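J.: I'm passing along start-v8.txt; it holds compact mmCIF, C-alpha atoms and all ligand atoms.
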```txt
# COMPACT_ATOMS: atom_id res chain seq x y z
CA MET V 1 -21.99 28.10 78.81
CA LYS V 2 -19.58 25.16 79.30
CA THR V 3 -16.05 26.22 80.17
CA LEU V 4 -12.73 24.36 80.29
CA VAL V 5 -9.75 25.77 82.21
CA ILE V 6 -6.29 24.45 81.31
CA GLY V 7 -3.57 24.44 83.96
CA THR V 8 -2.80 23.24 87.42
CA GLY V 9 -2.00 26.19 89.69
CA GLY V 10 -3.49 28.85 91.93
CA ARG V 11 -4.37 31.07 88.96
CA GLU V 12 -6.46 28.28 87.45
CA HIS V 13 -8.15 27.58 90.80
CA ALA V 14 -9.07 31.28 91.14
CA LEU V 15 -10.43 31.29 87.55
CA VAL V 16 -12.48 28.16 88.25
CA LEU V 17 -13.96 29.73 91.43
CA ALA V 18 -14.91 32.91 89.53
CA LEU V 19 -16.48 30.93 86.66
CA ALA V 20 -18.41 28.76 89.13
CA ASN V 21 -19.89 32.02 90.53
CA ASP V 22 -21.05 33.22 87.10
CA PRO V 23 -24.76 32.36 86.60
CA GLY V 24 -24.16 32.19 82.84
CA VAL V 25 -21.68 29.32 83.28
CA THR V 26 -23.40 25.93 83.53
CA GLU V 27 -20.35 23.65 83.68
CA VAL V 28 -16.75 24.18 84.74
CA HIS V 29 -14.17 21.62 83.62
CA ALA V 30 -10.44 21.71 84.27
CA ALA V 31 -7.37 19.81 83.02
CA PRO V 32 -5.39 18.56 84.76
CA GLY V 33 -6.36 20.70 87.79
CA ASN V 34 -5.35 19.90 91.37
CA PRO V 35 -7.03 18.59 94.57
CA GLY V 36 -8.52 22.02 95.35
CA ILE V 37 -9.90 22.57 91.84
CA ALA V 38 -11.49 19.10 92.09
CA ALA V 39 -14.05 20.52 94.54
CA ASP V 40 -15.18 23.21 92.10
CA ALA V 41 -14.79 21.66 88.63
CA THR V 42 -14.84 18.33 86.79
CA LEU V 43 -11.22 17.26 86.30
CA HIS V 44 -9.75 15.57 83.22
CA ALA V 45 -6.31 13.97 83.14
CA VAL V 46 -4.96 15.76 80.07
CA ASP V 47 -1.44 17.17 79.62
CA PRO V 48 -1.77 20.99 79.31
CA MET V 49 1.21 21.06 76.92
CA ASP V 50 -0.43 18.64 74.46
CA GLY V 51 -2.44 20.92 72.18
CA ALA V 52 -4.08 18.09 70.24
CA ALA V 53 -5.21 16.36 73.45
CA VAL V 54 -6.53 19.62 74.94
CA ALA V 55 -8.46 20.35 71.71
CA GLU V 56 -9.86 16.80 71.65
CA LEU V 57 -11.06 17.15 75.25
CA ALA V 58 -12.72 20.49 74.43
CA VAL V 59 -14.58 18.86 71.52
CA GLU V 60 -15.62 15.86 73.66
CA ILE V 61 -17.15 17.94 76.42
CA GLY V 62 -18.67 20.43 73.97
CA ALA V 63 -16.84 23.38 75.56
CA ASP V 64 -18.12 26.82 74.54
CA LEU V 65 -14.98 28.46 75.91
CA VAL V 66 -11.48 27.15 76.70
CA ILE V 67 -9.22 29.28 78.91
CA VAL V 68 -5.52 28.42 78.75
CA GLY V 69 -4.01 29.59 82.05
CA PRO V 70 -0.20 29.28 82.10
CA GLU V 71 2.39 30.74 79.74
CA ALA V 72 4.13 27.48 78.77
CA PRO V 73 1.18 26.00 76.81
CA LEU V 74 0.39 29.42 75.29
CA VAL V 75 3.96 29.88 74.09
CA ALA V 76 3.78 26.30 72.75
CA GLY V 77 0.67 27.08 70.66
CA VAL V 78 -2.05 25.26 72.61
CA ALA V 79 -4.57 28.06 71.92
CA ASP V 80 -3.92 27.63 68.16
CA ALA V 81 -4.66 23.90 68.47
CA VAL V 82 -7.98 24.59 70.23
CA THR V 83 -9.19 27.25 67.78
CA GLY V 84 -8.01 24.97 64.96
CA ARG V 85 -10.78 22.56 66.02
CA GLY V 86 -13.35 25.37 65.87
CA ILE V 87 -13.55 25.95 69.64
CA THR V 88 -13.43 29.46 71.12
CA CYS V 89 -10.29 29.95 73.21
CA PHE V 90 -9.26 32.72 75.60
CA GLY V 91 -5.48 32.97 75.31
CA PRO V 92 -3.13 34.28 72.62
CA THR V 93 -1.85 32.44 69.58
CA LEU V 94 1.72 31.14 69.57
CA ALA V 95 2.77 34.17 67.51
CA ALA V 96 1.19 36.69 69.91
CA ALA V 97 2.44 34.85 73.02
CA ARG V 98 5.96 35.90 72.04
CA LEU V 99 5.19 39.06 73.98
CA GLU V 100 6.01 36.92 77.03
CA GLY V 101 8.05 34.17 75.37
CA SER V 102 10.84 36.54 74.33
CA LYS V 103 11.83 39.59 76.38
CA ALA V 104 13.76 40.97 73.38
CA PHE V 105 10.62 40.68 71.19
CA SER V 106 8.46 42.44 73.78
CA LYS V 107 11.01 45.26 73.97
CA GLU V 108 10.97 45.57 70.18
CA VAL V 109 7.16 45.80 70.12
CA MET V 110 7.15 48.35 72.95
CA ALA V 111 9.69 50.49 71.10
CA ALA V 112 7.69 50.34 67.85
CA ALA V 113 4.47 51.18 69.73
CA GLY V 114 6.00 54.04 71.72
CA VAL V 115 5.18 52.36 75.06
CA PRO V 116 6.97 53.82 78.10
CA THR V 117 9.41 51.22 79.45
CA ALA V 118 12.94 50.84 80.85
CA GLY V 119 15.78 51.56 78.43
CA SER V 120 17.42 48.26 77.47
CA LEU V 121 20.13 46.55 75.45
CA THR V 122 19.87 43.00 74.11
CA CYS V 123 23.23 41.20 74.50
CA THR V 124 24.54 37.89 73.17
CA THR V 125 28.11 37.84 74.56
CA PRO V 126 29.67 38.42 78.04
CA ASP V 127 31.52 41.48 76.72
CA GLU V 128 28.30 43.03 75.42
CA ALA V 129 26.60 42.31 78.74
CA ALA V 130 29.46 43.89 80.70
CA ALA V 131 29.35 47.01 78.53
CA ALA V 132 25.57 47.25 78.93
CA LEU V 133 25.83 46.93 82.74
CA ASP V 134 28.29 49.78 82.80
CA ALA V 135 26.16 51.87 80.46
CA PHE V 136 23.12 51.70 82.78
CA GLY V 137 24.99 51.50 86.12
CA ALA V 138 23.77 50.00 89.41
CA PRO V 139 21.33 48.65 90.46
CA TYR V 140 21.76 46.14 87.65
CA VAL V 141 18.81 44.41 85.93
CA VAL V 142 19.63 41.31 83.85
CA LYS V 143 16.89 39.26 82.17
CA ASP V 144 17.12 35.94 80.41
CA ASP V 145 15.54 36.46 76.98
CA ALA V 146 13.65 33.15 77.20
CA LEU V 147 10.93 31.90 79.56
CA ALA V 148 12.57 30.87 82.83
CA ALA V 149 9.66 30.10 85.19
CA GLY V 150 10.20 33.25 87.26
CA LYS V 151 13.95 32.66 87.67
CA GLY V 152 15.19 34.62 84.66
CA VAL V 153 15.52 38.06 86.25
CA VAL V 154 18.28 39.24 88.56
CA VAL V 155 18.16 42.70 90.13
CA THR V 156 21.31 43.38 92.12
CA GLY V 157 23.81 46.00 93.21
CA ASP V 158 26.59 43.44 92.72
CA ARG V 159 28.17 43.68 89.24
CA ASP V 160 29.79 40.22 89.54
CA GLU V 161 26.42 38.63 90.37
CA ALA V 162 24.86 40.42 87.39
CA LEU V 163 27.66 39.18 85.10
CA ALA V 164 27.40 35.63 86.48
CA HIS V 165 23.66 35.55 85.76
CA ALA V 166 24.24 36.85 82.22
CA ALA V 167 26.78 34.06 81.69
CA THR V 168 24.21 31.35 82.58
CA CYS V 169 21.71 32.62 79.98
CA GLY V 170 22.05 32.74 76.20
CA THR V 171 20.67 36.05 75.00
CA VAL V 172 20.06 38.54 77.83
CA VAL V 173 18.29 41.87 78.09
CA VAL V 174 20.13 44.36 80.31
CA GLU V 175 17.89 47.15 81.52
CA GLU V 176 17.74 50.47 83.24
CA PHE V 177 16.49 50.08 86.86
CA LEU V 178 13.01 51.51 87.32
CA ASP V 179 12.32 53.09 90.68
CA GLY V 180 8.84 53.25 92.15
CA PRO V 181 6.01 51.09 93.44
CA GLU V 182 5.36 48.05 91.28
CA VAL V 183 1.80 47.30 90.14
CA SER V 184 0.02 44.71 88.02
CA VAL V 185 -2.65 45.77 85.53
CA PHE V 186 -4.55 43.03 83.70
CA ALA V 187 -6.07 43.92 80.34
CA VAL V 188 -8.62 41.55 78.81
CA CYS V 189 -8.01 41.97 75.06
CA ASP V 190 -9.96 40.91 71.96
CA GLY V 191 -7.32 41.73 69.34
CA ALA V 192 -8.55 45.25 68.62
CA THR V 193 -9.52 46.63 72.02
CA ALA V 194 -9.33 45.93 75.77
CA HIS V 195 -10.97 46.28 79.17
CA ALA V 196 -8.76 46.66 82.25
CA LEU V 197 -9.35 44.91 85.57
CA ARG V 198 -8.69 46.52 88.94
CA PRO V 199 -4.92 46.96 89.58
CA ALA V 200 -3.18 44.80 92.20
CA GLN V 201 0.22 44.45 93.85
CA ASP V 202 2.23 41.23 94.13
CA PHE V 203 4.96 40.80 96.81
CA LYS V 204 7.72 38.93 94.99
CA ARG V 205 10.56 38.49 97.47
CA ILE V 206 10.58 35.43 99.74
CA PHE V 207 11.17 37.26 103.06
CA ASP V 208 9.50 40.09 104.97
CA GLY V 209 10.57 43.59 104.11
CA GLY V 210 11.29 42.58 100.52
CA ARG V 211 14.43 40.61 101.42
CA GLY V 212 15.76 37.43 99.88
CA ALA V 213 15.26 35.79 96.53
CA ASN V 214 12.70 36.68 93.89
CA THR V 215 9.75 34.24 93.80
CA GLY V 216 6.68 33.74 91.67
CA GLY V 217 4.83 35.89 94.23
CA MET V 218 4.24 35.49 97.98
CA GLY V 219 1.01 37.45 98.30
CA SER V 220 -1.13 40.13 96.70
CA TYR V 221 -3.96 42.57 97.30
CA THR V 222 -6.41 44.95 95.71
CA PRO V 223 -7.51 47.77 95.61
CA LEU V 224 -4.49 50.08 95.57
CA THR V 225 -6.07 52.96 97.45
CA TRP V 226 -2.81 54.95 97.35
CA ALA V 227 -2.44 54.78 93.53
CA PRO V 228 -3.91 57.31 91.07
CA GLY V 229 -7.61 56.57 90.47
CA ASP V 230 -7.08 56.68 86.71
CA LEU V 231 -4.14 54.23 86.72
CA ALA V 232 -5.94 51.48 84.76
CA ALA V 233 -7.27 54.00 82.22
CA THR V 234 -3.79 55.51 81.77
CA VAL V 235 -2.27 52.07 81.21
CA LEU V 236 -4.96 51.21 78.65
CA GLU V 237 -4.24 54.41 76.75
CA THR V 238 -0.43 54.57 76.95
CA VAL V 239 0.49 50.86 76.98
CA VAL V 240 -2.25 48.39 76.05
CA GLN V 241 -3.92 50.08 73.06
CA PRO V 242 -0.64 51.01 71.31
CA THR V 243 0.60 47.43 71.86
CA LEU V 244 -2.61 45.92 70.44
CA ASP V 245 -2.37 48.25 67.43
CA GLU V 246 1.26 47.26 66.82
CA MET V 247 0.37 43.54 67.05
CA VAL V 248 -2.43 44.07 64.48
CA ARG V 249 0.05 45.90 62.23
CA ARG V 250 2.35 42.86 62.44
CA GLY V 251 -0.51 40.53 61.48
CA THR V 252 -0.51 38.79 64.88
CA PRO V 253 -3.39 40.33 66.86
CA PHE V 254 -3.32 39.71 70.60
CA ARG V 255 -6.37 38.04 72.16
CA GLY V 256 -6.19 37.07 75.81
CA CYS V 257 -4.92 38.68 78.99
CA LEU V 258 -2.10 41.17 78.59
CA TYR V 259 -0.58 41.35 82.06
CA VAL V 260 1.29 44.62 82.37
CA GLY V 261 3.85 44.74 85.18
CA LEU V 262 4.64 48.41 85.79
CA ALA V 263 6.75 50.66 87.95
CA LEU V 264 5.04 53.91 88.91
CA THR V 265 8.07 56.15 88.40
CA GLU V 266 8.27 59.89 88.89
CA ALA V 267 7.94 60.17 85.11
CA GLY V 268 4.71 58.12 85.11
CA PRO V 269 3.94 54.39 84.72
CA LYS V 270 6.64 52.45 82.85
CA VAL V 271 6.43 48.80 81.78
CA ILE V 272 8.68 46.32 83.60
CA GLU V 273 7.38 43.35 81.68
CA PHE V 274 4.54 41.88 79.67
CA ASN V 275 3.00 38.50 80.38
CA VAL V 276 0.35 36.94 78.17
CA ARG V 277 -1.82 35.44 80.92
CA PHE V 278 -3.28 36.31 84.29
CA GLY V 279 -0.69 36.81 87.05
CA ASP V 280 -0.50 34.52 90.01
CA PRO V 281 -1.15 35.36 92.85
CA ASP V 282 -1.95 38.94 91.73
CA ILE V 283 -5.11 37.95 89.83
CA GLN V 284 -6.52 36.07 92.83
CA PRO V 285 -7.75 39.09 94.85
CA VAL V 286 -8.88 40.83 91.64
CA LEU V 287 -11.18 37.93 90.71
CA ALA V 288 -12.55 37.74 94.27
CA THR V 289 -13.85 41.33 94.03
CA LEU V 290 -15.07 41.13 90.41
CA GLU V 291 -18.80 41.86 90.38
CA SER V 292 -19.64 41.37 86.69
CA PRO V 293 -19.64 37.88 85.13
CA LEU V 294 -16.19 36.54 84.18
CA GLY V 295 -17.43 33.98 81.63
CA GLU V 296 -19.22 36.56 79.50
CA LEU V 297 -16.18 38.88 79.54
CA LEU V 298 -13.68 36.20 78.49
CA LEU V 299 -16.03 34.75 75.86
CA ALA V 300 -16.58 38.18 74.30
CA ALA V 301 -12.82 38.80 74.24
CA ALA V 302 -12.12 35.41 72.69
CA GLN V 303 -14.76 36.08 70.01
CA GLY V 304 -13.43 39.54 69.16
CA ARG V 305 -16.55 41.40 70.33
CA LEU V 306 -15.42 43.02 73.58
CA ALA V 307 -17.01 46.31 72.56
CA GLU V 308 -20.43 44.63 73.01
CA VAL V 309 -19.98 43.91 76.73
CA PRO V 310 -19.78 46.53 79.46
CA ALA V 311 -16.46 47.21 81.21
CA PRO V 312 -16.01 44.90 84.20
CA THR V 313 -17.21 46.22 87.56
CA PHE V 314 -15.80 45.57 91.04
CA ARG V 315 -17.34 45.55 94.51
CA ASP V 316 -16.11 48.11 97.03
CA ASP V 317 -14.51 45.31 99.05
CA ALA V 318 -10.79 44.70 99.40
CA CYS V 319 -9.05 41.33 99.15
CA VAL V 320 -5.70 39.99 100.36
CA THR V 321 -4.00 36.72 99.36
CA VAL V 322 -1.21 35.17 101.49
CA VAL V 323 0.86 32.40 99.87
CA LEU V 324 2.03 29.38 101.90
CA ALA V 325 5.20 27.97 100.35
CA SER V 326 7.04 24.72 101.00
CA ALA V 327 10.48 24.29 102.60
CA GLY V 328 13.32 25.27 100.29
CA TYR V 329 11.28 27.57 98.02
CA PRO V 330 12.24 29.30 95.74
CA GLU V 331 15.55 27.44 95.20
CA SER V 332 13.79 24.07 95.51
CA SER V 333 10.54 22.72 96.91
CA SER V 334 9.69 20.05 99.44
CA LYS V 335 7.18 17.43 98.35
CA GLY V 336 5.06 15.07 100.45
CA ASP V 337 4.71 17.17 103.63
CA VAL V 338 1.27 16.53 105.13
CA ILE V 339 -0.96 19.62 105.24
CA THR V 340 -3.53 20.14 108.01
CA GLY V 341 -6.19 22.77 108.60
CA VAL V 342 -7.29 23.49 105.02
CA GLY V 343 -10.92 22.50 105.72
CA ALA V 344 -11.08 24.73 108.80
CA ALA V 345 -9.56 27.72 106.95
CA ASN V 346 -11.83 27.23 103.93
CA GLY V 347 -14.83 27.17 106.27
CA VAL V 348 -14.19 30.71 107.50
CA ASN V 349 -16.59 33.30 106.04
CA ASP V 350 -15.21 35.26 103.09
CA VAL V 351 -12.12 33.02 102.88
CA ASP V 352 -11.06 30.71 100.04
CA VAL V 353 -8.09 28.39 100.28
CA ILE V 354 -6.66 28.30 96.77
CA HIS V 355 -4.57 25.28 95.80
CA ALA V 356 -1.39 25.50 93.74
CA GLY V 357 1.20 22.80 94.57
CA THR V 358 -0.87 20.17 96.39
CA ALA V 359 -1.51 16.48 95.84
CA ILE V 360 -3.41 13.67 97.53
CA VAL V 361 -1.13 10.80 98.59
CA ASP V 362 -2.56 7.84 100.55
CA GLY V 363 -5.67 9.87 101.30
CA SER V 364 -3.74 12.83 102.77
CA LEU V 365 -3.33 16.30 101.31
CA VAL V 366 0.41 16.90 100.87
CA THR V 367 2.75 19.52 99.40
CA ALA V 368 3.67 19.01 95.74
CA GLY V 369 5.40 22.23 94.70
CA GLY V 370 6.99 25.51 95.79
CA ARG V 371 3.90 27.63 96.25
CA VAL V 372 1.50 25.22 97.91
CA LEU V 373 -1.63 27.15 98.90
CA ALA V 374 -2.89 30.73 98.95
CA VAL V 375 -5.28 31.94 101.62
CA ARG V 376 -7.54 34.61 100.15
CA ALA V 377 -9.85 36.75 102.23
CA VAL V 378 -12.28 39.53 101.38
CA GLY V 379 -12.84 42.38 103.85
CA TYR V 380 -14.32 45.86 103.94
CA ASP V 381 -10.88 47.41 103.48
CA VAL V 382 -7.31 46.18 102.96
CA ASP V 383 -6.50 46.03 106.70
CA ASP V 384 -9.66 44.04 107.41
CA ALA V 385 -8.99 41.63 104.52
CA ARG V 386 -5.39 41.26 105.66
CA ALA V 387 -6.41 40.43 109.25
CA ARG V 388 -8.92 37.86 107.98
CA ALA V 389 -6.40 36.27 105.60
CA TYR V 390 -3.76 35.86 108.33
CA ALA V 391 -6.30 34.57 110.88
CA ALA V 392 -7.36 31.87 108.42
CA ALA V 393 -3.76 31.13 107.37
CA ASP V 394 -2.93 30.52 111.06
CA LEU V 395 -5.19 27.44 110.91
CA ILE V 396 -2.99 25.73 108.28
CA THR V 397 0.30 23.97 109.01
CA PHE V 398 2.82 21.72 107.28
CA GLU V 399 6.48 20.91 107.87
CA GLY V 400 8.78 23.75 106.79
CA MET V 401 5.91 26.07 105.76
CA GLN V 402 7.09 29.54 104.70
CA ARG V 403 4.95 32.66 104.52
CA ARG V 404 5.51 36.38 104.72
CA SER V 405 3.92 38.26 107.60
CA ASP V 406 3.80 41.64 105.85
CA ILE V 407 1.64 41.09 102.77
CA ALA V 408 -0.38 44.29 102.14
CA ALA V 409 0.86 45.81 105.41
CA GLU V 410 2.16 48.74 103.39
CA PRO V 411 2.32 49.38 99.67
CA LEU V 412 5.01 47.31 98.02
CA GLY V 413 7.70 49.11 96.15
CA VAL V 414 8.96 51.41 98.77
CA VAL V 415 10.16 48.36 100.68
CA GLU V 416 11.00 45.90 97.92
CA GLY V 417 12.59 48.54 95.73
CA ALA V 418 14.86 49.52 98.61
CA ALA V 419 15.89 45.88 99.08
CA ALA V 420 16.83 45.62 95.41
CA ARG V 421 19.14 48.61 95.81
CA ASP V 422 21.08 47.03 98.74
P1 LIG P 501 9.98 39.62 85.96
O1 LIG P 501 10.37 38.18 86.07
O2 LIG P 501 10.23 40.23 84.63
O3 LIG P 501 8.62 39.84 86.57
O4 LIG P 501 10.94 40.43 86.95
C1 LIG P 501 11.03 40.04 88.27
C2 LIG P 501 11.10 41.24 89.15
O5 LIG P 501 12.33 41.94 88.94
C3 LIG P 501 10.04 42.29 88.89
O6 LIG P 501 8.86 41.98 89.51
C4 LIG P 501 10.69 43.52 89.46
O7 LIG P 501 10.53 43.55 90.86
C5 LIG P 501 12.13 43.33 89.14
N1 LIG P 501 12.48 44.06 87.91
C6 LIG P 501 12.43 43.61 86.64
N2 LIG P 501 12.81 44.57 85.76
C7 LIG P 501 13.11 45.67 86.50
C8 LIG P 501 13.56 47.00 86.19
N3 LIG P 501 13.83 47.38 84.93
N4 LIG P 501 13.74 47.85 87.21
C9 LIG P 501 13.50 47.47 88.48
N5 LIG P 501 13.08 46.24 88.85
C10 LIG P 501 12.88 45.35 87.88
N1 LIG P 502 3.05 36.90 90.04
C1 LIG P 502 3.89 37.05 88.95
C2 LIG P 502 3.50 36.32 87.76
O1 LIG P 502 2.43 35.74 87.66
O2 LIG P 502 4.28 36.34 86.83
```
Here is a file; write its structure as structure tokens.
Ligand code: AMP
Ligand code: GLY

T.:
Amino acid sequence: MKTLVIGTGGREHALVLALANDPGVTEVHAAPGNPGIAADATLHAVDPMDGAAVAELAVEIGADLVIVGPEAPLVAGVADAVTGRGITCFGPTLAAARLEGSKAFSKEVMAAAGVPTAGSLTCTTPDEAAAALDAFGAPYVVKDDALAAGKGVVVTGDRDEALAHAATCGTVVVEEFLDGPEVSVFAVCDGATAHALRPAQDFKRIFDGGRGANTGGMGSYTPLTWAPGDLAATVLETVVQPTLDEMVRRGTPFRGCLYVGLALTEAGPKVIEFNVRFGDPDIQPVLATLESPLGELLLAAAQGRLAEVPAPTFRDDACVTVVLASAGYPESSSKGDVITGVGAANGVNDVDVIHAGTAIVDGSLVTAGGRVLAVRAVGYDVDDARARAYAAADLITFEGMQRRSDIAAEPLGVVEGAAARD
């Protein structure tokens, strides 16, 4: 099977590595990719937002399966352009990608499907937002209705800060605060049905102890040994299947990855948000411990015949991913800082250095974004994987590098949830 992965970040690099490990996959192509992906796939200089160009590339290379990684091209309809040329594509249509593209839409679908989630009010004026904040009380949760590259959500105890954020957005969703450990469950969906992957946790705040600004994710791990063993099955039954059924009822079936961000509250798992793609970095450790072939699973989902393939299986191993971010992240990012030590870290057994925001300039590997690299290590348990990940990360340096020192040191939620309540 020839595969083509669209996107340029750590998620796409992790997908490429997993596909390269699948004996059923003969060729891995990527567009536009990055310097790390270049070692594991054939790169093509195509704009991921240009559906016609992506579809043309897929036809040219004779791709059997295209995987569209990030949300922006999915919300822009790139998967529709690819399937429009008769090529199988893993990733939702423009209509189904609204589950991530509009928070208000996803809330509407959850309500219709009876999915457990935070109570919410959609507001279009400052007065409505103020009334909604007072209705739910502190801590306040304010979400930009539209895609905002991870910057749309403010969780704060400060009413003025919550109001100020609402004022910078158009339509906002004001929500009830959900208390409890936060987990990511990835469901591979074929429109009618789904298989869940192993749950993971993603540490979202920039500083240790869950302090500082929200980021795209500073590290992740799996398995969640402290969580209920039937968590993925519960989420399939109470969240994913009702959502798929509701999307079918609306005439816009969902094919692709439904990424369910949940809080494990005292009243059971409740949805914090839906995304329509794999999470980054949370999918990275999940893919490293996947035992069954990824290509076959995604192809079956994209072709609407998931029931024909067995549920994915995972090795007993654990995996931890530590993100290395550039100076200024998440408010800004520093570009052009020379990176050293990637080869040495990548050479360590059971370690992969995953590239996100890197570039080659004058023959040197340099920073080119906020989250620059992720060091991913497999171990026999979470503590072992964590020690291996940090030992390998110690080999890498660049000016202004930021990383957390407490990824997977204890379950997230207790700590980060407490920080949000400050
Ligand atoms: P999102 O961009 O939707 O992933 O939200 C960013 C982060 O804000 C989430 O990962 C949570 O940590 C937090 N968050 C979002 N919604 C809620 C909520 N209703 N209750 C508590 N925390 C939330
Ligand atoms: N790690 C969070 C996300 O992918 O949205």

J.: Give as a list in words the set of residues within 12 Å of the point (-5.3, 17.2, 70.5), where distances use the file's coordinates and all atoms listed in the file.

T.: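 Residues with an atom at most 12 Å from (-5.3, 17.2, 70.5): Val46, Asp47, Pro48, Met49, Asp50, Gly51, Ala52, Ala53, Val54, Ala55, Glu56, Leu57, Ala58, Val59, Glu60, Gly77, Val78, Ala79, Asp80, Ala81, Val82, Thr83, Gly84 and Arg85 of chain V.
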
J.: I'd like to know which of V:Lys107, V:Arg315, V:Arg371, V:Arg386 is closest to V:Gly328, using only C-alpha atoms.

T.: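 The closest residue to V:Gly328 is V:Arg371.
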
J.: Please extract the residues at most 9 Å from ligand LIG 501 (chain P), counting only C-alpha atoms and all ligand atoms, and provide them as number ranges by chain, using the chain letters and residue numbers of this document.

T.: V: 103, 117-120, 139-143, 148-155, 174-180, 182-183, 202-205, 214-217, 261-263, 271-275, 413, 416-417, 420

J.: Given all atoms listed in the file as the basis, pick out the residue of V:Pro330, V:Pro281, V:Gly7, V:Pro228 nearest to ligand LIG 502 (chain P).

T.: V:Pro281

J.: Pick from V:Gly210, V:Gly137, V:Pro269, V:Gly279: nearest to V:Leu15, with all atoms listed in the file counted?

T.: V:Gly279

J.: Which neighbours of V:Leu395 fall inside 8 Å, counting all atoms listed in the file, when residues of the same chain fewer than 6 positions from it are skipped, and could you give them as a ChimeraX atom specification?

T.: /V:341-342,344-345

J.: What's around V:Arg403 at 8 Å? Count all atoms listed in the file, leave out sequence neighbours fewer than 6 positions away in its own chain, and write the answer as a ChimeraX atom specification.

T.: /V:206-207,218,322-325

J.: Which residue, V:Gly268, V:Pro70, V:Gly114, V:Gly24, has the smallest gap to ligand LIG 502 (chain P) when you use all atoms listed in the file?

T.: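 Closest residue, counting all atoms listed in the file: V:Pro70.
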
J.: How would stretch 110-124 of chain V look with N, CA and C atoms restored, written as a PDB file, in the coordinates of the input?

T.:
```
ATOM      1  N   MET V 110       7.375  47.139  72.150  1.00  0.00           N
ATOM      2  CA  MET V 110       7.150  48.350  72.950  1.00  0.00           C
ATOM      3  C   MET V 110       7.801  49.561  72.280  1.00  0.00           C
ATOM      4  N   ALA V 111       9.003  49.368  71.753  1.00  0.00           N
ATOM      5  CA  ALA V 111       9.690  50.490  71.100  1.00  0.00           C
ATOM      6  C   ALA V 111       8.897  50.947  69.882  1.00  0.00           C
ATOM      7  N   ALA V 112       8.444  49.993  69.067  1.00  0.00           N
ATOM      8  CA  ALA V 112       7.690  50.340  67.850  1.00  0.00           C
ATOM      9  C   ALA V 112       6.377  51.030  68.201  1.00  0.00           C
ATOM     10  N   ALA V 113       5.780  50.637  69.339  1.00  0.00           N
ATOM     11  CA  ALA V 113       4.470  51.180  69.730  1.00  0.00           C
ATOM     12  C   ALA V 113       4.589  52.445  70.557  1.00  0.00           C
ATOM     13  N   GLY V 114       5.817  52.841  70.911  1.00  0.00           N
ATOM     14  CA  GLY V 114       6.000  54.040  71.720  1.00  0.00           C
ATOM     15  C   GLY V 114       5.526  53.868  73.159  1.00  0.00           C
ATOM     16  N   VAL V 115       5.627  52.647  73.689  1.00  0.00           N
ATOM     17  CA  VAL V 115       5.180  52.360  75.060  1.00  0.00           C
ATOM     18  C   VAL V 115       6.287  52.745  76.043  1.00  0.00           C
ATOM     19  N   PRO V 116       5.952  53.471  77.116  1.00  0.00           N
ATOM     20  CA  PRO V 116       6.970  53.820  78.100  1.00  0.00           C
ATOM     21  C   PRO V 116       7.502  52.603  78.848  1.00  0.00           C
ATOM     22  N   THR V 117       8.811  52.388  78.803  1.00  0.00           N
ATOM     23  CA  THR V 117       9.410  51.220  79.450  1.00  0.00           C
ATOM     24  C   THR V 117      10.870  51.539  79.773  1.00  0.00           C
ATOM     25  N   ALA V 118      11.531  50.631  80.505  1.00  0.00           N
ATOM     26  CA  ALA V 118      12.940  50.840  80.850  1.00  0.00           C
ATOM     27  C   ALA V 118      13.793  50.784  79.591  1.00  0.00           C
ATOM     28  N   GLY V 119      14.805  51.668  79.510  1.00  0.00           N
ATOM     29  CA  GLY V 119      15.780  51.560  78.430  1.00  0.00           C
ATOM     30  C   GLY V 119      16.461  50.212  78.533  1.00  0.00           C
ATOM     31  N   SER V 120      16.838  49.599  77.394  1.00  0.00           N
ATOM     32  CA  SER V 120      17.420  48.260  77.470  1.00  0.00           C
ATOM     33  C   SER V 120      18.371  47.996  76.317  1.00  0.00           C
ATOM     34  N   LEU V 121      19.253  47.030  76.516  1.00  0.00           N
ATOM     35  CA  LEU V 121      20.130  46.550  75.450  1.00  0.00           C
ATOM     36  C   LEU V 121      20.067  45.040  75.425  1.00  0.00           C
ATOM     37  N   THR V 122      19.885  44.465  74.246  1.00  0.00           N
ATOM     38  CA  THR V 122      19.870  43.000  74.110  1.00  0.00           C
ATOM     39  C   THR V 122      21.294  42.551  73.797  1.00  0.00           C
ATOM     40  N   CYS V 123      21.810  41.590  74.605  1.00  0.00           N
ATOM     41  CA  CYS V 123      23.230  41.200  74.500  1.00  0.00           C
ATOM     42  C   CYS V 123      23.359  39.703  74.270  1.00  0.00           C
ATOM     43  N   THR V 124      24.342  39.316  73.441  1.00  0.00           N
ATOM     44  CA  THR V 124      24.540  37.890  73.170  1.00  0.00           C
ATOM     45  C   THR V 124      25.910  37.389  73.635  1.00  0.00           C
TER      46      THR V 124
END
```
